[in-house]
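A.B. asks: mmCIF, C-alpha atoms, file structure39.cif:
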```cif
data_upload
#
loop_
_atom_site.group_PDB
_atom_site.id
_atom_site.type_symbol
_atom_site.label_atom_id
_atom_site.label_comp_id
_atom_site.auth_asym_id
_atom_site.auth_seq_id
_atom_site.Cartn_x
_atom_site.Cartn_y
_atom_site.Cartn_z
ATOM 1 C CA MET A 1 0.000 0.000 0.000
ATOM 2 C CA ALA A 2 1.302 3.484 -0.875
ATOM 3 C CA ARG A 3 2.382 5.550 2.116
ATOM 4 C CA ALA A 4 0.364 8.754 2.586
ATOM 5 C CA GLY A 5 2.238 11.799 1.275
ATOM 6 C CA LEU A 6 4.641 9.720 -0.776
ATOM 7 C CA THR A 7 4.392 10.148 -4.547
ATOM 8 C CA ALA A 8 6.456 9.207 -7.577
ATOM 9 C CA ASP A 9 7.407 12.869 -8.001
ATOM 10 C CA ARG A 10 8.594 13.139 -4.412
ATOM 11 C CA VAL A 11 10.615 9.931 -4.677
ATOM 12 C CA THR A 12 12.141 11.185 -7.928
ATOM 13 C CA LEU A 13 13.053 14.593 -6.512
ATOM 14 C CA THR A 14 14.619 12.970 -3.461
ATOM 15 C CA GLY A 15 16.629 10.681 -5.722
ATOM 16 C CA ALA A 16 17.726 13.667 -7.798
ATOM 17 C CA GLU A 17 18.841 15.603 -4.716
ATOM 18 C CA LEU A 18 20.780 12.578 -3.526
ATOM 19 C CA ALA A 19 22.384 12.185 -6.963
ATOM 20 C CA ASP A 20 23.619 15.779 -6.809
ATOM 21 C CA GLU A 21 25.127 15.156 -3.384
ATOM 22 C CA VAL A 22 26.763 11.746 -3.791
ATOM 23 C CA GLY A 23 26.710 11.025 -7.528
ATOM 24 C CA LEU A 24 24.159 9.188 -9.631
ATOM 25 C CA ASP A 25 26.046 5.889 -9.348
ATOM 26 C CA HIS A 26 25.661 5.971 -5.562
ATOM 27 C CA VAL A 27 21.903 6.460 -5.539
ATOM 28 C CA THR A 28 20.167 3.342 -4.255
ATOM 29 C CA MET A 29 16.596 2.564 -3.327
ATOM 30 C CA SER A 30 17.699 2.075 0.283
ATOM 31 C CA ALA A 31 19.427 5.467 0.367
ATOM 32 C CA VAL A 32 16.342 7.199 -1.013
ATOM 33 C CA ALA A 33 14.114 5.387 1.487
ATOM 34 C CA ARG A 34 16.363 6.474 4.360
ATOM 35 C CA ARG A 35 16.263 10.083 3.149
ATOM 36 C CA LEU A 36 12.461 9.930 3.076
ATOM 37 C CA GLY A 37 12.230 8.160 6.421
ATOM 38 C CA VAL A 38 10.371 5.156 5.023
ATOM 39 C CA LYS A 39 11.058 1.480 4.464
ATOM 40 C CA ASP A 40 12.462 0.392 1.109
ATOM 41 C CA ALA A 41 9.262 -1.462 0.260
ATOM 42 C CA SER A 42 7.255 1.783 0.423
ATOM 43 C CA LEU A 43 9.066 3.129 -2.646
ATOM 44 C CA TYR A 44 7.948 0.290 -4.893
ATOM 45 C CA ALA A 45 4.368 1.536 -4.846
ATOM 46 C CA HIS A 46 5.635 4.583 -6.782
ATOM 47 C CA VAL A 47 8.678 3.467 -8.813
ATOM 48 C CA ARG A 48 9.300 -0.012 -10.146
ATOM 49 C CA ASN A 49 12.993 -0.318 -9.383
ATOM 50 C CA LEU A 50 16.280 1.579 -9.433
ATOM 51 C CA GLU A 51 16.364 1.676 -13.226
ATOM 52 C CA ASP A 52 12.921 3.275 -13.262
ATOM 53 C CA LEU A 53 14.025 5.813 -10.654
ATOM 54 C CA ARG A 54 17.127 6.723 -12.655
ATOM 55 C CA GLY A 55 15.005 7.198 -15.767
ATOM 56 C CA ARG A 56 12.658 9.491 -13.871
ATOM 57 C CA ILE A 57 15.630 11.508 -12.586
ATOM 58 C CA ALA A 58 16.857 11.864 -16.169
ATOM 59 C CA LEU A 59 13.472 13.170 -17.317
ATOM 60 C CA LEU A 60 13.237 15.579 -14.400
ATOM 61 C CA ALA A 61 16.710 16.896 -15.190
ATOM 62 C CA ALA A 62 15.917 17.216 -18.893
ATOM 63 C CA ASP A 63 12.837 19.284 -18.057
ATOM 64 C CA GLU A 64 14.726 21.528 -15.629
ATOM 65 C CA LYS A 65 17.700 22.055 -17.938
ATOM 66 C CA THR A 66 15.506 22.772 -20.939
ATOM 67 C CA ILE A 67 13.443 25.349 -19.054
ATOM 68 C CA ARG A 68 16.620 27.105 -17.969
ATOM 69 C CA ILE A 69 18.024 27.136 -21.503
ATOM 70 C CA ALA A 70 14.714 28.341 -22.965
ATOM 71 C CA GLU A 71 14.589 31.240 -20.510
ATOM 72 C CA ALA A 72 18.221 32.152 -21.194
ATOM 73 C CA THR A 73 17.900 32.125 -24.985
ATOM 74 C CA ALA A 74 14.477 33.769 -25.307
ATOM 75 C CA GLY A 75 14.650 36.698 -27.722
ATOM 76 C CA ARG A 76 18.270 35.997 -28.681
ATOM 77 C CA ALA A 77 19.834 34.797 -31.907
ATOM 78 C CA GLY A 78 23.230 34.020 -33.360
ATOM 79 C CA LYS A 79 26.190 34.321 -31.021
ATOM 80 C CA ASP A 80 24.085 35.836 -28.215
ATOM 81 C CA ALA A 81 21.829 32.774 -28.244
ATOM 82 C CA LEU A 82 24.769 30.378 -28.462
ATOM 83 C CA VAL A 83 26.529 31.929 -25.471
ATOM 84 C CA ALA A 84 23.309 32.079 -23.428
ATOM 85 C CA TYR A 85 22.549 28.457 -24.291
ATOM 86 C CA ALA A 86 26.049 27.271 -23.378
ATOM 87 C CA ASN A 87 26.168 29.225 -20.112
ATOM 88 C CA ALA A 88 22.774 27.926 -18.998
ATOM 89 C CA TYR A 89 23.819 24.383 -19.921
ATOM 90 C CA ARG A 90 27.077 24.652 -17.960
ATOM 91 C CA ASP A 91 25.482 26.368 -14.975
ATOM 92 C CA TYR A 92 22.948 23.566 -14.678
ATOM 93 C CA ALA A 93 25.718 20.966 -14.779
ATOM 94 C CA HIS A 94 27.601 22.820 -12.025
ATOM 95 C CA GLU A 95 24.564 23.191 -9.783
ATOM 96 C CA HIS A 96 23.135 19.712 -10.360
ATOM 97 C CA PRO A 97 25.986 17.356 -11.246
ATOM 98 C CA GLY A 98 24.077 14.162 -10.494
ATOM 99 C CA ARG A 99 21.031 15.181 -12.472
ATOM 100 C CA TYR A 100 23.208 16.383 -15.329
ATOM 101 C CA THR A 101 24.933 12.995 -15.453
ATOM 102 C CA ALA A 102 21.533 11.324 -15.749
ATOM 103 C CA THR A 103 20.861 13.290 -18.945
ATOM 104 C CA GLN A 104 24.120 12.199 -20.548
ATOM 105 C CA ILE A 105 24.164 8.422 -20.212
ATOM 106 C CA PRO A 106 22.075 5.863 -22.096
ATOM 107 C CA MET A 107 19.360 4.298 -19.981
ATOM 108 C CA HIS A 108 16.026 2.609 -20.446
ATOM 109 C CA ILE A 109 13.119 4.940 -19.762
ATOM 110 C CA ASP A 110 9.492 3.858 -19.596
ATOM 111 C CA PRO A 111 8.068 4.732 -23.045
ATOM 112 C CA GLU A 112 4.870 6.099 -21.465
ATOM 113 C CA LEU A 113 6.829 8.429 -19.191
ATOM 114 C CA LEU A 114 9.043 9.505 -22.079
ATOM 115 C CA ALA A 115 6.025 10.273 -24.260
ATOM 116 C CA GLN A 116 4.566 12.525 -21.547
ATOM 117 C CA ALA A 117 7.816 14.356 -20.750
ATOM 118 C CA PRO A 118 8.275 17.638 -22.645
ATOM 119 C CA GLY A 119 11.953 18.125 -21.688
ATOM 120 C CA PRO A 120 13.738 15.852 -24.189
ATOM 121 C CA ARG A 121 11.597 16.961 -27.133
ATOM 122 C CA ARG A 122 11.861 20.625 -26.202
ATOM 123 C CA ALA A 123 15.643 20.327 -25.803
ATOM 124 C CA ILE A 124 15.948 19.035 -29.364
ATOM 125 C CA GLU A 125 13.682 21.778 -30.685
ATOM 126 C CA LEU A 126 15.631 24.524 -28.886
ATOM 127 C CA THR A 127 18.998 23.255 -30.037
ATOM 128 C CA TYR A 128 18.048 22.786 -33.665
ATOM 129 C CA SER A 129 16.215 26.105 -33.755
ATOM 130 C CA MET A 130 19.242 27.966 -32.422
ATOM 131 C CA LEU A 131 21.583 26.338 -34.939
ATOM 132 C CA ARG A 132 19.255 27.009 -37.871
ATOM 133 C CA ALA A 133 20.078 30.693 -37.348
ATOM 134 C CA TYR A 134 23.499 29.763 -38.752
ATOM 135 C CA ARG A 135 21.733 28.712 -41.990
ATOM 136 C CA LEU A 136 22.376 25.022 -41.410
ATOM 137 C CA ASP A 137 20.289 22.249 -42.929
ATOM 138 C CA GLU A 138 20.624 18.484 -42.753
ATOM 139 C CA PRO A 139 22.961 16.688 -42.586
ATOM 140 C CA ASP A 140 25.042 19.653 -41.400
ATOM 141 C CA LEU A 141 22.521 20.456 -38.673
ATOM 142 C CA THR A 142 22.884 17.094 -36.960
ATOM 143 C CA ASP A 143 26.667 17.219 -37.335
ATOM 144 C CA ALA A 144 26.693 20.662 -35.712
ATOM 145 C CA VAL A 145 24.496 19.488 -32.837
ATOM 146 C CA ARG A 146 26.857 16.588 -32.162
ATOM 147 C CA MET A 147 29.903 18.813 -32.344
ATOM 148 C CA MET A 148 28.426 21.425 -30.005
ATOM 149 C CA ARG A 149 27.290 18.820 -27.495
ATOM 150 C CA SER A 150 30.741 17.195 -27.557
ATOM 151 C CA MET A 151 32.419 20.526 -26.878
ATOM 152 C CA LEU A 152 30.094 21.503 -24.032
ATOM 153 C CA HIS A 153 30.031 18.089 -22.383
ATOM 154 C CA GLY A 154 33.773 17.575 -22.787
ATOM 155 C CA PHE A 155 34.606 20.936 -21.228
ATOM 156 C CA ILE A 156 32.180 20.381 -18.362
ATOM 157 C CA ASN A 157 33.504 16.889 -17.633
ATOM 158 C CA LEU A 158 37.141 17.967 -17.677
ATOM 159 C CA GLU A 159 36.332 20.945 -15.475
ATOM 160 C CA ALA A 160 34.455 18.770 -12.957
ATOM 161 C CA ALA A 161 37.347 16.303 -12.841
ATOM 162 C CA GLY A 162 39.869 19.050 -12.091
ATOM 163 C CA GLY A 163 41.449 18.725 -15.513
ATOM 164 C CA PHE A 164 42.165 22.422 -15.978
ATOM 165 C CA ALA A 165 45.097 23.002 -13.636
ATOM 166 C CA HIS A 166 46.817 25.701 -15.698
ATOM 167 C CA ALA A 167 46.963 29.184 -14.171
ATOM 168 C CA ARG A 168 44.873 30.705 -16.965
ATOM 169 C CA PRO A 169 41.332 31.352 -15.656
ATOM 170 C CA VAL A 170 38.888 28.682 -16.771
ATOM 171 C CA GLU A 171 36.277 31.345 -17.547
ATOM 172 C CA ASP A 172 38.617 32.909 -20.089
ATOM 173 C CA SER A 173 39.117 29.564 -21.806
ATOM 174 C CA TRP A 174 35.354 28.953 -21.786
ATOM 175 C CA ALA A 175 34.734 32.297 -23.465
ATOM 176 C CA ARG A 176 37.372 31.583 -26.122
ATOM 177 C CA CYS A 177 35.860 28.140 -26.789
ATOM 178 C CA LEU A 178 32.471 29.751 -27.376
ATOM 179 C CA ASP A 179 34.074 32.344 -29.669
ATOM 180 C CA ALA A 180 35.661 29.519 -31.668
ATOM 181 C CA LEU A 181 32.413 27.562 -31.760
ATOM 182 C CA HIS A 182 30.543 30.595 -33.089
ATOM 183 C CA THR A 183 33.187 31.197 -35.746
ATOM 184 C CA LEU A 184 33.075 27.577 -36.861
ATOM 185 C CA LEU A 185 29.281 27.625 -37.100
ATOM 186 C CA GLN A 186 29.366 30.878 -39.066
ATOM 187 C CA ASN A 187 31.779 29.363 -41.566
ATOM 188 C CA TRP A 188 30.359 25.851 -41.604
ATOM 189 C CA HIS A 189 29.353 26.005 -45.258
ATOM 190 C CA GLU A 190 32.827 27.059 -46.346
ATOM 191 C CA HIS A 191 34.295 23.987 -44.652
ATOM 192 C CA ARG A 192 31.607 21.826 -46.215
ATOM 193 C CA GLU A 193 32.234 23.207 -49.686
ATOM 194 C CA GLY A 194 35.948 22.636 -49.292
ATOM 195 C CA ASP A 195 35.561 18.952 -48.478
ATOM 196 C CA PRO A 196 37.181 16.578 -50.984
ATOM 197 C CA ALA A 197 34.716 14.977 -53.379
#
```
Show how you would write the structure in this file as structure tokens.

C.D. replies:
Amino acid sequence: MARAGLTADRVTLTGAELADEVGLDHVTMSAVARRLGVKDASLYAHVRNLEDLRGRIALLAADEKTIRIAEATAGRAGKDALVAYANAYRDYAHEHPGRYTATQIPMHIDPELLAQAPGPRRAIELTYSMLRAYRLDEPDLTDAVRMMRSMLHGFINLEAAGGFAHARPVEDSWARCLDALHTLLQNWHEHREGDPA
């Protein structure tokens, strides 16, 4: 029987908070139950298992991150939109490292939950819409999305792991990376046209 006051959303949020504190890999059903002050069995009336919980955390994070990016990029275009997008993306990863991780790793998510969640779809729409301002069409658009995601995720991961030990301020390097990304996107067609046949 479901415990009064306990819901799938509350279990998910508690799991997400725990993931931010100790890392997604260290989130267990027992740890979430302890945080909520209930027995492990009480959770299973709301989430099926740990895999289901992790999928729900990923969807929650996708929704939160997408809302933040949408607010940051509203009314912007070109480089202004790119920088706002990247900063919102990075800020979310800094503030919610466990949730961010959940959005970056492959996992099985209940198809019904995925169909109802606006975050993943909206994230794709926002990203593609921003990059279309650089006059990109397929297949260049998908290539650009993959390149941008690799740059953002790679920088964030190296930063989180302490990989930038040089004295130069990390913020300066971040700004230069975004400058370079903008320049590449602006000149994408020139690189494409110069490709060997």

A.B. asks: Do you know which residues the PyMOL selection byres ((chain A and resi 46-49) around 12) returns on this file, as a VMD selection string?

C.D. replies: chain A and resid 1 to 12 15 27 to 30 32 to 33 40 to 45 50 to 57 108 to 110 113

A.B. asks: Take the residues just selected and output them with C-alpha atoms as an mmCIF file, in the frame of the given file.

C.D. replies:
```cif
data_model
loop_
_atom_site.group_PDB
_atom_site.id
_atom_site.type_symbol
_atom_site.label_atom_id
_atom_site.label_comp_id
_atom_site.auth_asym_id
_atom_site.auth_seq_id
_atom_site.Cartn_x
_atom_site.Cartn_y
_atom_site.Cartn_z
ATOM 1 C CA MET A 1 0.000 0.000 0.000
ATOM 2 C CA ALA A 2 1.302 3.484 -0.875
ATOM 3 C CA ARG A 3 2.382 5.550 2.116
ATOM 4 C CA ALA A 4 0.364 8.754 2.586
ATOM 5 C CA GLY A 5 2.238 11.799 1.275
ATOM 6 C CA LEU A 6 4.641 9.720 -0.776
ATOM 7 C CA THR A 7 4.392 10.148 -4.547
ATOM 8 C CA ALA A 8 6.456 9.207 -7.577
ATOM 9 C CA ASP A 9 7.407 12.869 -8.001
ATOM 10 C CA ARG A 10 8.594 13.139 -4.412
ATOM 11 C CA VAL A 11 10.615 9.931 -4.677
ATOM 12 C CA THR A 12 12.141 11.185 -7.928
ATOM 13 C CA GLY A 15 16.629 10.681 -5.722
ATOM 14 C CA VAL A 27 21.903 6.460 -5.539
ATOM 15 C CA THR A 28 20.167 3.342 -4.255
ATOM 16 C CA MET A 29 16.596 2.564 -3.327
ATOM 17 C CA SER A 30 17.699 2.075 0.283
ATOM 18 C CA VAL A 32 16.342 7.199 -1.013
ATOM 19 C CA ALA A 33 14.114 5.387 1.487
ATOM 20 C CA ASP A 40 12.462 0.392 1.109
ATOM 21 C CA ALA A 41 9.262 -1.462 0.260
ATOM 22 C CA SER A 42 7.255 1.783 0.423
ATOM 23 C CA LEU A 43 9.066 3.129 -2.646
ATOM 24 C CA TYR A 44 7.948 0.290 -4.893
ATOM 25 C CA ALA A 45 4.368 1.536 -4.846
ATOM 26 C CA LEU A 50 16.280 1.579 -9.433
ATOM 27 C CA GLU A 51 16.364 1.676 -13.226
ATOM 28 C CA ASP A 52 12.921 3.275 -13.262
ATOM 29 C CA LEU A 53 14.025 5.813 -10.654
ATOM 30 C CA ARG A 54 17.127 6.723 -12.655
ATOM 31 C CA GLY A 55 15.005 7.198 -15.767
ATOM 32 C CA ARG A 56 12.658 9.491 -13.871
ATOM 33 C CA ILE A 57 15.630 11.508 -12.586
ATOM 34 C CA HIS A 108 16.026 2.609 -20.446
ATOM 35 C CA ILE A 109 13.119 4.940 -19.762
ATOM 36 C CA ASP A 110 9.492 3.858 -19.596
ATOM 37 C CA LEU A 113 6.829 8.429 -19.191
#
```

A.B. asks: Translate the PyMOL selection byres ((chain A and resi 89) around 9) into a concrete residue list for this structure, as a ChimeraX atom specification.

C.D. replies: /A:65-66,68-69,84-88,90-94,152

A.B. asks: Restricting the calculation to all atoms listed in the file, which member of A:Gly78, A:Arg135, A:Ala58, A:Trp174 is positioned closest to Met107 of chain A?

C.D. replies: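 Using all atoms listed in the file, the shortest distance to Met107 of chain A belongs to A:Ala58.
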
A.B. asks: Find, counting only C-alpha atoms, the residue in A:Ala16, A:Met148, A:Leu131, A:Val22 that gets nearest to Leu181 of chain A.

C.D. replies: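 Answer, going by the shortest atom-to-atom distance: A:Met148.
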
A.B. asks: Step by step: start from the point (23.1, 19.4, -33.1) in the file's coordinates, keep every protein, DNA or RNA residue that has an atom no farther than 12 Å from it, count all atoms listed in the file, and write the set as a list in words.

C.D. replies: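 Residues satisfying the cut-off, written out: Ala123, Ile124, Glu125, Leu126, Thr127, Tyr128, Ser129, Met130, Leu131, Arg132, Tyr134, Leu136, Asp137, Glu138, Pro139, Asp140, Leu141, Thr142, Asp143, Ala144, Val145, Arg146, Met147, Met148, Arg149, Ser150, Met151, Leu152 and Leu185 of chain A.
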
A.B. asks: For His153 of chain A, which of A:Pro118, A:Pro97, A:Pro111, A:Pro169 is the closest residue, counting all atoms listed in the file?

C.D. replies: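 Once distances to His153 of chain A are computed over all atoms listed in the file, the minimum belongs to A:Pro97.
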
A.B. asks: Just the number, please: distance in Å from atom CA of Thr103 of chain A to atom CA of Ala19 of chain A, one decimal.

C.D. replies: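 Separating atom CA of Thr103 of chain A from atom CA of Ala19 of chain A is a distance of 12.1 Å.
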
A.B. asks: Take atom CA of Leu178 of chain A and atom CA of Leu60 of chain A and report the distance between them in Å, one decimal.

C.D. replies: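 One can read the atom CA of Leu178 of chain A to atom CA of Leu60 of chain A distance as 27.2 Å.
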
A.B. asks: Please report the interatomic distance between atom CA of Glu95 of chain A and atom CA of Arg34 of chain A in Å with one decimal.

C.D. replies: 23.4 Å

A.B. asks: Would you mind putting N, CA, C and O atoms back on segment 65-87 of chain A and writing the result as a short mmCIF file (atom, residue, chain, number, x, y, z; two decimals), keeping the file's coordinate frame?

C.D. replies:
```
data_model
loop_
_atom_site.label_atom_id
_atom_site.label_comp_id
_atom_site.auth_asym_id
_atom_site.auth_seq_id
_atom_site.Cartn_x
_atom_site.Cartn_y
_atom_site.Cartn_z
N LYS A 65 16.64 21.47 -17.11
CA LYS A 65 17.70 22.06 -17.94
C LYS A 65 17.12 22.77 -19.15
O LYS A 65 17.58 23.87 -19.52
N THR A 66 16.11 22.18 -19.75
CA THR A 66 15.51 22.77 -20.94
C THR A 66 14.80 24.08 -20.60
O THR A 66 14.89 25.07 -21.36
N ILE A 67 14.10 24.12 -19.48
CA ILE A 67 13.44 25.35 -19.05
C ILE A 67 14.47 26.46 -18.85
O ILE A 67 14.27 27.61 -19.27
N ARG A 68 15.58 26.11 -18.21
CA ARG A 68 16.62 27.10 -17.97
C ARG A 68 17.21 27.63 -19.28
O ARG A 68 17.42 28.83 -19.45
N ILE A 69 17.47 26.73 -20.21
CA ILE A 69 18.02 27.14 -21.50
C ILE A 69 17.02 27.99 -22.28
O ILE A 69 17.39 28.99 -22.90
N ALA A 70 15.75 27.59 -22.25
CA ALA A 70 14.71 28.34 -22.96
C ALA A 70 14.62 29.76 -22.43
O ALA A 70 14.50 30.73 -23.20
N GLU A 71 14.66 29.91 -21.11
CA GLU A 71 14.59 31.24 -20.51
C GLU A 71 15.81 32.07 -20.87
O GLU A 71 15.70 33.28 -21.13
N ALA A 72 16.97 31.44 -20.91
CA ALA A 72 18.22 32.15 -21.19
C ALA A 72 18.31 32.61 -22.64
O ALA A 72 18.87 33.68 -22.94
N THR A 73 17.76 31.81 -23.56
CA THR A 73 17.90 32.12 -24.98
C THR A 73 16.72 32.89 -25.57
O THR A 73 16.77 33.31 -26.73
N ALA A 74 15.67 33.09 -24.79
CA ALA A 74 14.48 33.77 -25.31
C ALA A 74 14.83 35.14 -25.86
O ALA A 74 15.49 35.95 -25.21
N GLY A 75 14.42 35.40 -27.10
CA GLY A 75 14.65 36.70 -27.72
C GLY A 75 16.06 36.91 -28.24
O GLY A 75 16.39 38.00 -28.69
N ARG A 76 16.88 35.88 -28.21
CA ARG A 76 18.27 36.00 -28.68
C ARG A 76 18.47 35.20 -29.96
O ARG A 76 17.73 34.26 -30.23
N ALA A 77 19.51 35.54 -30.69
CA ALA A 77 19.83 34.80 -31.91
C ALA A 77 21.33 34.87 -32.15
O ALA A 77 22.03 35.71 -31.56
N GLY A 78 21.82 34.00 -33.02
CA GLY A 78 23.23 34.02 -33.36
C GLY A 78 24.13 33.77 -32.17
O GLY A 78 23.85 32.92 -31.32
N LYS A 79 25.22 34.54 -32.09
CA LYS A 79 26.19 34.32 -31.02
C LYS A 79 25.59 34.56 -29.64
O LYS A 79 25.90 33.84 -28.68
N ASP A 80 24.71 35.56 -29.51
CA ASP A 80 24.08 35.84 -28.22
C ASP A 80 23.31 34.61 -27.72
O ASP A 80 23.38 34.26 -26.54
N ALA A 81 22.59 33.97 -28.62
CA ALA A 81 21.83 32.77 -28.24
C ALA A 81 22.76 31.62 -27.91
O ALA A 81 22.53 30.87 -26.95
N LEU A 82 23.81 31.45 -28.70
CA LEU A 82 24.77 30.38 -28.46
C LEU A 82 25.42 30.51 -27.10
O LEU A 82 25.51 29.54 -26.34
N VAL A 83 25.87 31.70 -26.76
CA VAL A 83 26.53 31.93 -25.47
C VAL A 83 25.54 31.73 -24.32
O VAL A 83 25.87 31.11 -23.31
N ALA A 84 24.33 32.25 -24.47
CA ALA A 84 23.31 32.08 -23.43
C ALA A 84 22.97 30.61 -23.23
O ALA A 84 22.83 30.13 -22.10
N TYR A 85 22.83 29.89 -24.34
CA TYR A 85 22.55 28.46 -24.29
C TYR A 85 23.67 27.73 -23.54
O TYR A 85 23.42 26.95 -22.61
N ALA A 86 24.91 27.97 -23.96
CA ALA A 86 26.05 27.27 -23.38
C ALA A 86 26.21 27.59 -21.89
O ALA A 86 26.50 26.71 -21.08
N ASN A 87 26.03 28.85 -21.52
CA ASN A 87 26.17 29.22 -20.11
C ASN A 87 25.09 28.59 -19.25
O ASN A 87 25.36 28.12 -18.13
#
```
